[in-house]
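Remarks on the structure that follows.
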Amino acid sequence: MKCGLSRWRLVAMALTCATLSSPLVAAELELTPSLKISDGAASIEAPADGLWTIGTGWENDVAKLEHHAKATQVTQFGEWHILSGQVETPEGSWRVEDQYRSLDAGLVQGRRRWTYDGAKPSGPVVLSIRFQVDALSSEPLRPFLPGINYFGNPSGTRIASERVPTWTGDAGCEGLYEEHRFPLPFASVESDRSFVAALHSRPSVLPFAARDDLWWSLGLVQNESGVELRLQSGPVASNGTAGVVKARQRKFLPYPDAHLVGVPPGTVIEKEFYLQLESHETVGHGFHAPLWTSIDLFDPKHDGSMPSTTDVLAAKLRDTFDRWHEDEHCVGFRTRPPQAQPWFMMGWADRAEVPGFALQAMNMEKVTEDPQRWRRRAIASIDFLIQSPSQPKLQDADFSIVYDYEQHQWLRRQNILSQSQALNALADAIAVAMKGDTEQRAASERWKRFLKSKVAHIASDVLSDDWRPVSTNQAFAIAPLVKASDLFADEQLMTAARKIADHSIERHQEMREPYWGGTLDAKCEDKEGAWAAMQGYCALYDATREAKYLQAAVHAGDVVLSYLYVWDVPMPPGRLADHAFKTRGWTSVSVQNQHLDVFGVLFTPELWQLAQWTGDKRYQQLAKLMFVSAGQMTNLASGVQGEQMFQTNYQQHDATDIVEGMRGGYSEAWNIYWISAHFLTAAAKLEQLGVQWSQF
């Protein structure tokens with residue numbers, strides 16, 4: 001384990017004094033048994049009303065009554081310290097036993113066991129694991145729930161609070177979500193410059209549930225004296241309302257009867273969890289500790305149950321070849337279903353420019369009998385795309401990103417995010433072509449003229465006195481500016497790249513305004529916003545070797561990884577279960593769109609570089625996993641793969657507003673090209689780094 005600090009104390013206070021082995025410290029005799037972890041700046045301890053809480057009855061989506069108790073006995077078996085007692089409820093007694101041990105460097109592992117001793121099956125019951133976080137300073141505690149809530153989701157809340165989980169920090173504020181909604185199953189809070197406290201869960205489905213497919217819920221509750229870290233047997237809450245889940249793109253839906261019922265006498269229910277309290281000194285950086293603790297706890301790797309990368313990439317190339325379109329007016333790769341939108345679209349959700357880079361850079365000899373023909377077509381596709389006309393009345397990089405090959409016209413569509421992504425791929429294509437044959441070298445000169453004009457436009461805008469991007473999205477321009485600066489020996493382009501990067505560092509690293517705005521269909525905190533920054537910082541560090549950009553890349557990269565599933569969510573009957581789908585290695589999208597997609601495969605070359613630069617090989621382990629796992633659900637005959645996998649109670653385009661049946665679904669109707677393009681981009685860049693992805 002690479003988590004925690006050795007100076008922690010685990011204190012068990014009981015009616016009889018317990019002798020605890022190092023590094024645990026024996027407690028003074030107390031009349032009110034409890035549990036406490038302290039590092040000098042803060043503490044995690046059982047709530048004042050008791051170590052154990054059981055709710056009974058059910059009304060307004062919460063338990064009607066809560067019953068509390070404290071331990072009456074403390075014993076020790078080797079490294080384990082056991083607190084036991086019972087909670088009395090109107091329906092009967094529950095015997096409770098907690099087991100705790102301190103792991104390497106201080107992480108505290110806990111196991112709780114409830115045994116129901118009632119005379120008949122129970123009515124509604126809610127079992128809880130609650131720990132109070134109290135700080136010695138008056139600094140506010142800011143939440144970090146992976147994939148769900150980033151320091152309160154300030155941008156998403158400001159723009160459309162009904163679409164994202166919010167956090168006011170007022171007493172009574174609750175954020176409790178199903179465990180399968182957490183890519184890394186932990187809930188944490190951190191102060192600005194002193195500590196981070198986290199509750200880690202080992203996710204599980206509940207028995208004797210009042211509704212189908214009920215899991216434990218995990219999250220935070222704000223009270224008068226601090227914040228509670230909490231696990232509960234089902235109840236959920238968000239945005240000031242109990243009994244709701246983020247089930248649609250633009251709203252929450254009711255989630256009633258999230259409790260146990262009819263628990264038979266003699267039933268035993270157990271739950272494993274971990275407590276973590278760690279010091280930190282940099283605002284907005286405390287989350288690194290529980291993030292890497294969770295990664296280490298689950299130690300996610302790919303295995304033989306996942307598809308062959310060679311098979312998947314061959315399928316993705318076939319999908320690419322099948323999209324070739326050529327007529328007397330245009331040539332290129334179709335990016336959307338023709339019946340929907342007959343487009344070549346560059347950037348973000350389509351990536352028509354990617355074959356121009358990837359088909360030149362990849363080794364295709366084993367996939368097609370005529371790789372040279374496809375390299376020539378790749379060149380022709382870029383030759384056509386650079387004919388995109390300037391749109392001077394529009395902002396950003398002043399060129400259209402969409403060509404309609406049925407209407408034979410360029411559409412007035414553009415945005416700096418998509419344009420920057422297209423220019424980055426163009427810069428990569430130029431770098432490959434410059435080292436190629438005569439035809440490629442000649443093409444690279446044509447492409448340079450287009451690239452030079454467009455990055456000059458971006459640089460001029462960035463270097464103006466009134467420049468300020470709306471979100472993190474303009475960080476996508478950093479990488480093409482850095483690459484173009486090298487191509488054209490233009491220091492002004494590098495100056496513009498630094499300005500964007502330094503602005504993003506100042507604006508986002510303290511997480512007052514977490515990375516956001518990297519997608520076009522959700523204006524909120526998202527992994528693509530963090531990816532924009534990570535990609536840019538990596539490009540700058542690669543070019544300059546300035547330490548501040550590596551530090552920034554690690555920060556943004558770890559935020560990206562907070563959307564990464566490190567565990568496998570068991571699926572209910574449905575398409576994903578049909579394929580024994582594994583969630584580890586997949587990324588959720590944003591705090592608004594909480595489904596899975598394959599976007600994470602695009603990050604793998606930069607994660608590989610982070611491993612090389614930092615010496616932390618875990619980045620490479622995760623890169624391998626993401627590259628392999630994202631190939632699941634690929635139709636190996638055609639290369640087609642769906643855009644949305646529903647691992648949690650969420651669906652994006654379902655016609656109904658009923659939560660039941662959402663989880664385990666799969667949306668493959670929208671056959672858009674970015675899904676294949678990201679695989680080709682990642683494979684080509686890994687090859688350039690000397691990585692044999694076919695051996696993953």
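Letters for chains follow the order of the structure tokens (A, B, ...), residue numbers begin at 1 for each chain, and ligand numbers begin at 1 in the order shown.
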Legend entry - Glu326 (chain A) surroundings by only C-alpha atoms, 12 Å radius, close-in-sequence under 2 positions cut, as a ChimeraX atom specification: /A:321-324,328-334,344,377,380-381,384,405-406,408
Legend entry - Selection: 8 Å around Arg375 (chain A), only C-alpha atoms, excl. self and same-chain fewer than 2 positions, as a list of chain:residue names: A:Gly356, A:Leu359, A:Gln360, A:Pro371, A:Gln372, A:Arg373, A:Arg377, A:Ala378, A:Ile379
Write a file of the just-selected residues containing C-alpha atoms, as a PDB file, in the first residue's frame.
ATOM      1  CA  GLY A 356      -5.120  11.241 -41.638  1.00  0.00           C
ATOM      2  CA  LEU A 359      -3.428   5.455 -40.898  1.00  0.00           C
ATOM      3  CA  GLN A 360      -0.020   6.993 -41.616  1.00  0.00           C
ATOM      4  CA  PRO A 371      -1.873  -0.492 -46.493  1.00  0.00           C
ATOM      5  CA  GLN A 372      -0.459   1.959 -49.026  1.00  0.00           C
ATOM      6  CA  ARG A 373      -3.880   2.498 -50.568  1.00  0.00           C
ATOM      7  CA  ARG A 377      -6.658   7.865 -48.790  1.00  0.00           C
ATOM      8  CA  ALA A 378      -5.639   9.198 -45.395  1.00  0.00           C
ATOM      9  CA  ILE A 379      -3.591  11.874 -47.158  1.00  0.00           C
TER      10      ILE A 379
END
Inset, instruction - List every residue of region 529-642 of chain A that DSSP, applied to the backbone, labels as helix (DSSP H, G or I), and write the result as a ChimeraX atom specification. - result: /A:529-544,547-561,575-578,598-614,618-629
Residues near Trp343 (chain A), cut-off 8 Å, only C-alpha atoms, skip fewer than 5 positions along chain, as a tab-separated table (two decimals) with N, CA and C atoms, in the first residue's frame:
chain	number	residue	atom	x	y	z
A	334	ARG	N	-16.75	9.14	-43.37
A	334	ARG	CA	-18.04	9.48	-42.76
A	334	ARG	C	-17.93	9.34	-41.24
A	335	THR	N	-18.52	10.28	-40.52
A	335	THR	CA	-18.40	10.21	-39.06
A	335	THR	C	-19.72	9.96	-38.35
A	336	ARG	N	-20.83	10.03	-39.06
A	336	ARG	CA	-22.13	9.79	-38.44
A	336	ARG	C	-22.97	8.89	-39.34
A	338	PRO	N	-25.31	7.90	-42.03
A	338	PRO	CA	-25.74	8.74	-43.16
A	338	PRO	C	-27.20	9.16	-43.10
A	402	VAL	N	-17.52	21.07	-40.15
A	402	VAL	CA	-18.47	20.11	-40.71
A	402	VAL	C	-18.65	20.33	-42.21
A	403	TYR	N	-18.53	19.23	-42.96
A	403	TYR	CA	-18.86	19.22	-44.38
A	403	TYR	C	-20.00	18.24	-44.60
A	404	ASP	N	-21.05	18.68	-45.26
A	404	ASP	CA	-22.20	17.85	-45.62
A	404	ASP	C	-21.96	17.30	-47.01
A	405	TYR	N	-21.72	15.99	-47.13
A	405	TYR	CA	-21.35	15.42	-48.42
A	405	TYR	C	-22.55	15.10	-49.30
Inset, instruction - Using only C-alpha atoms, determine which residues lie at most 10 Å from Ala477 (chain A), disregarding the query and same-chain residues fewer than 2 positions distant; provide the list as an MDAnalysis selection string. - result: chainID A and resid 397 416:424 455 458:459 462 473:475 479:482 496:497 500:501 532:533 535:536
Legend entry - Nearby residues (only C-alpha atoms) at most 12 Å from Thr168 (chain A), same-chain spacing under 3 positions excluded, as a ChimeraX atom specification: /A:140-143,149,151-154,157-158,161,165,171-175,220-223,238-240
Dump N, CA, C and O atoms for the selected residues as a tab-separated table (two decimals), in the first residue's frame?
chain	number	residue	atom	x	y	z
A	140	PRO	N	-13.57	25.44	5.94
A	140	PRO	CA	-14.69	24.62	5.45
A	140	PRO	C	-14.19	23.31	4.87
A	140	PRO	O	-13.07	23.21	4.37
A	141	LEU	N	-15.02	22.28	4.98
A	141	LEU	CA	-14.70	20.97	4.43
A	141	LEU	C	-15.37	20.83	3.07
A	141	LEU	O	-16.59	20.97	2.97
A	142	ARG	N	-14.58	20.54	2.06
A	142	ARG	CA	-15.11	20.47	0.70
A	142	ARG	C	-15.20	19.01	0.24
A	142	ARG	O	-14.28	18.22	0.46
A	143	PRO	N	-16.31	18.64	-0.40
A	143	PRO	CA	-16.53	17.24	-0.76
A	143	PRO	C	-15.81	16.82	-2.03
A	143	PRO	O	-15.62	17.62	-2.96
A	149	ASN	N	-19.29	14.33	-7.40
A	149	ASN	CA	-19.27	15.69	-6.85
A	149	ASN	C	-17.82	16.12	-6.62
A	149	ASN	O	-17.08	15.49	-5.86
A	151	PHE	N	-15.84	19.04	-5.21
A	151	PHE	CA	-15.77	20.26	-4.41
A	151	PHE	C	-17.06	21.09	-4.54
A	151	PHE	O	-17.03	22.31	-4.55
A	152	GLY	N	-18.18	20.38	-4.64
A	152	GLY	CA	-19.48	21.03	-4.71
A	152	GLY	C	-20.00	21.25	-6.11
A	152	GLY	O	-21.09	21.80	-6.28
A	153	ASN	N	-19.27	20.83	-7.15
A	153	ASN	CA	-19.69	21.05	-8.53
A	153	ASN	C	-20.10	22.50	-8.78
A	153	ASN	O	-21.21	22.79	-9.21
A	154	PRO	N	-19.22	23.46	-8.51
A	154	PRO	CA	-19.64	24.87	-8.59
A	154	PRO	C	-20.08	25.30	-9.98
A	154	PRO	O	-21.04	26.08	-10.11
A	157	THR	N	-23.45	23.52	-10.90
A	157	THR	CA	-24.50	24.08	-10.05
A	157	THR	C	-24.91	25.46	-10.53
A	157	THR	O	-26.10	25.80	-10.58
A	158	ARG	N	-23.94	26.27	-10.91
A	158	ARG	CA	-24.24	27.63	-11.37
A	158	ARG	C	-25.04	27.63	-12.67
A	158	ARG	O	-25.95	28.44	-12.85
A	161	SER	N	-28.41	23.63	-11.85
A	161	SER	CA	-28.28	22.85	-10.63
A	161	SER	C	-29.19	21.62	-10.63
A	161	SER	O	-28.91	20.66	-9.91
A	165	PRO	N	-25.43	16.73	-9.23
A	165	PRO	CA	-25.43	16.68	-7.77
A	165	PRO	C	-24.80	17.96	-7.21
A	165	PRO	O	-23.75	18.41	-7.67
A	171	ALA	N	-25.93	22.90	7.20
A	171	ALA	CA	-26.33	21.81	8.07
A	171	ALA	C	-27.57	21.12	7.50
A	171	ALA	O	-28.53	21.77	7.09
A	172	GLY	N	-27.53	19.80	7.47
A	172	GLY	CA	-28.62	19.02	6.90
A	172	GLY	C	-28.40	18.63	5.45
A	172	GLY	O	-29.15	17.81	4.90
A	173	CYS	N	-27.38	19.20	4.81
A	173	CYS	CA	-27.08	18.87	3.41
A	173	CYS	C	-26.63	17.41	3.32
A	173	CYS	O	-25.78	16.96	4.10
A	174	GLU	N	-27.20	16.65	2.38
A	174	GLU	CA	-26.87	15.25	2.23
A	174	GLU	C	-26.51	14.94	0.78
A	174	GLU	O	-27.14	15.46	-0.15
A	175	GLY	N	-25.53	14.10	0.60
A	175	GLY	CA	-25.18	13.57	-0.71
A	175	GLY	C	-24.90	12.09	-0.56
A	175	GLY	O	-23.79	11.70	-0.20
A	220	LEU	N	-21.95	11.67	2.05
A	220	LEU	CA	-21.67	12.64	3.10
A	220	LEU	C	-22.95	13.26	3.63
A	220	LEU	O	-23.93	13.42	2.89
A	221	VAL	N	-22.91	13.65	4.91
A	221	VAL	CA	-24.00	14.39	5.54
A	221	VAL	C	-23.37	15.53	6.34
A	221	VAL	O	-22.51	15.29	7.19
A	222	GLN	N	-23.79	16.75	6.06
A	222	GLN	CA	-23.30	17.90	6.81
A	222	GLN	C	-24.15	18.09	8.06
A	222	GLN	O	-25.38	18.03	8.01
A	223	ASN	N	-23.49	18.31	9.21
A	223	ASN	CA	-24.23	18.62	10.42
A	223	ASN	C	-23.63	19.86	11.07
A	223	ASN	O	-22.75	20.52	10.50
A	238	SER	N	-29.97	13.69	-2.50
A	238	SER	CA	-29.15	14.65	-3.24
A	238	SER	C	-29.94	15.92	-3.47
A	238	SER	O	-31.18	15.89	-3.55
A	239	ASN	N	-29.24	17.04	-3.55
A	239	ASN	CA	-29.85	18.32	-3.92
A	239	ASN	C	-31.02	18.69	-3.02
A	239	ASN	O	-32.04	19.22	-3.48
A	240	GLY	N	-30.88	18.38	-1.75
A	240	GLY	CA	-31.90	18.75	-0.79
A	240	GLY	C	-33.10	17.85	-0.73
A	240	GLY	O	-34.09	18.17	-0.05
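You can rank A:Pro514, A:Gly436, A:Gly615, A:Pro337 by their closest distance to Tyr673 (chain A) using only C-alpha atoms, and at the top of that list sits A:Pro337.
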Legend entry - Test item: residues at most 12 Å from Gly156 (chain A), only C-alpha atoms, excluding those fewer than 2 positions along its chain, as an NGL selection string: :A and (148-154 or 158-167 or 250 or 471 or 513-517 or 522-526 or 590-593)
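Every protein or nucleic acid residue with an atom no more than 10 Å from region 541-544 of chain A, counting only C-alpha atoms and leaving out same-chain residues fewer than 4 positions away, appears here: Val482, Lys483, Asp486, Met494, Gly536, Tyr537, Lys548, Tyr549, Leu550, Gln551, Ala552, Ala553, Gln609 and Trp613 of chain A.
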Legend entry - Those of region 142-312 of chain A in DSSP strand (DSSP E), formatted as a VMD selection string: chain A and resid 142 to 145 149 to 150 174 to 178 186 to 190 195 to 201 217 to 222 227 to 232 237 to 238 241 to 242 244 to 248 251 to 254 268 to 279
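You will find CA of Gln391 (chain A) at 8.8 Å from CA of Gln414 (chain A).
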Find the residues of region 548-574 of chain A that sit at most 12 Å from region 634-651 of chain A; for each, write down the nearest two atoms and how far apart they are in Å, to one decimal. Count only C-alpha atoms. Sort by chain, then by number going up, and give it as JSON lines.
{"residue": "A:Tyr565", "atom": "CA", "partner": "A:Gln647", "partner_atom": "CA", "distance": 10.3}
{"residue": "A:Trp567", "atom": "CA", "partner": "A:Gln647", "partner_atom": "CA", "distance": 11.6}
{"residue": "A:Asp568", "atom": "CA", "partner": "A:Gln647", "partner_atom": "CA", "distance": 9.6}
{"residue": "A:Val569", "atom": "CA", "partner": "A:Gln647", "partner_atom": "CA", "distance": 7.0}
{"residue": "A:Pro570", "atom": "CA", "partner": "A:Gln647", "partner_atom": "CA", "distance": 8.6}
{"residue": "A:Met571", "atom": "CA", "partner": "A:Gln647", "partner_atom": "CA", "distance": 7.2}
{"residue": "A:Pro572", "atom": "CA", "partner": "A:Gln647", "partner_atom": "CA", "distance": 9.4}
{"residue": "A:Pro573", "atom": "CA", "partner": "A:Gln647", "partner_atom": "CA", "distance": 11.9}
{"residue": "A:Gly574", "atom": "CA", "partner": "A:Phe646", "partner_atom": "CA", "distance": 10.4}
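Here CA of Leu136 (chain A) and CA of His200 (chain A) stand 22.8 Å from one another.
The coordinates place CA of Leu176 (chain A) at 19.4 Å from CA of Asp134 (chain A).
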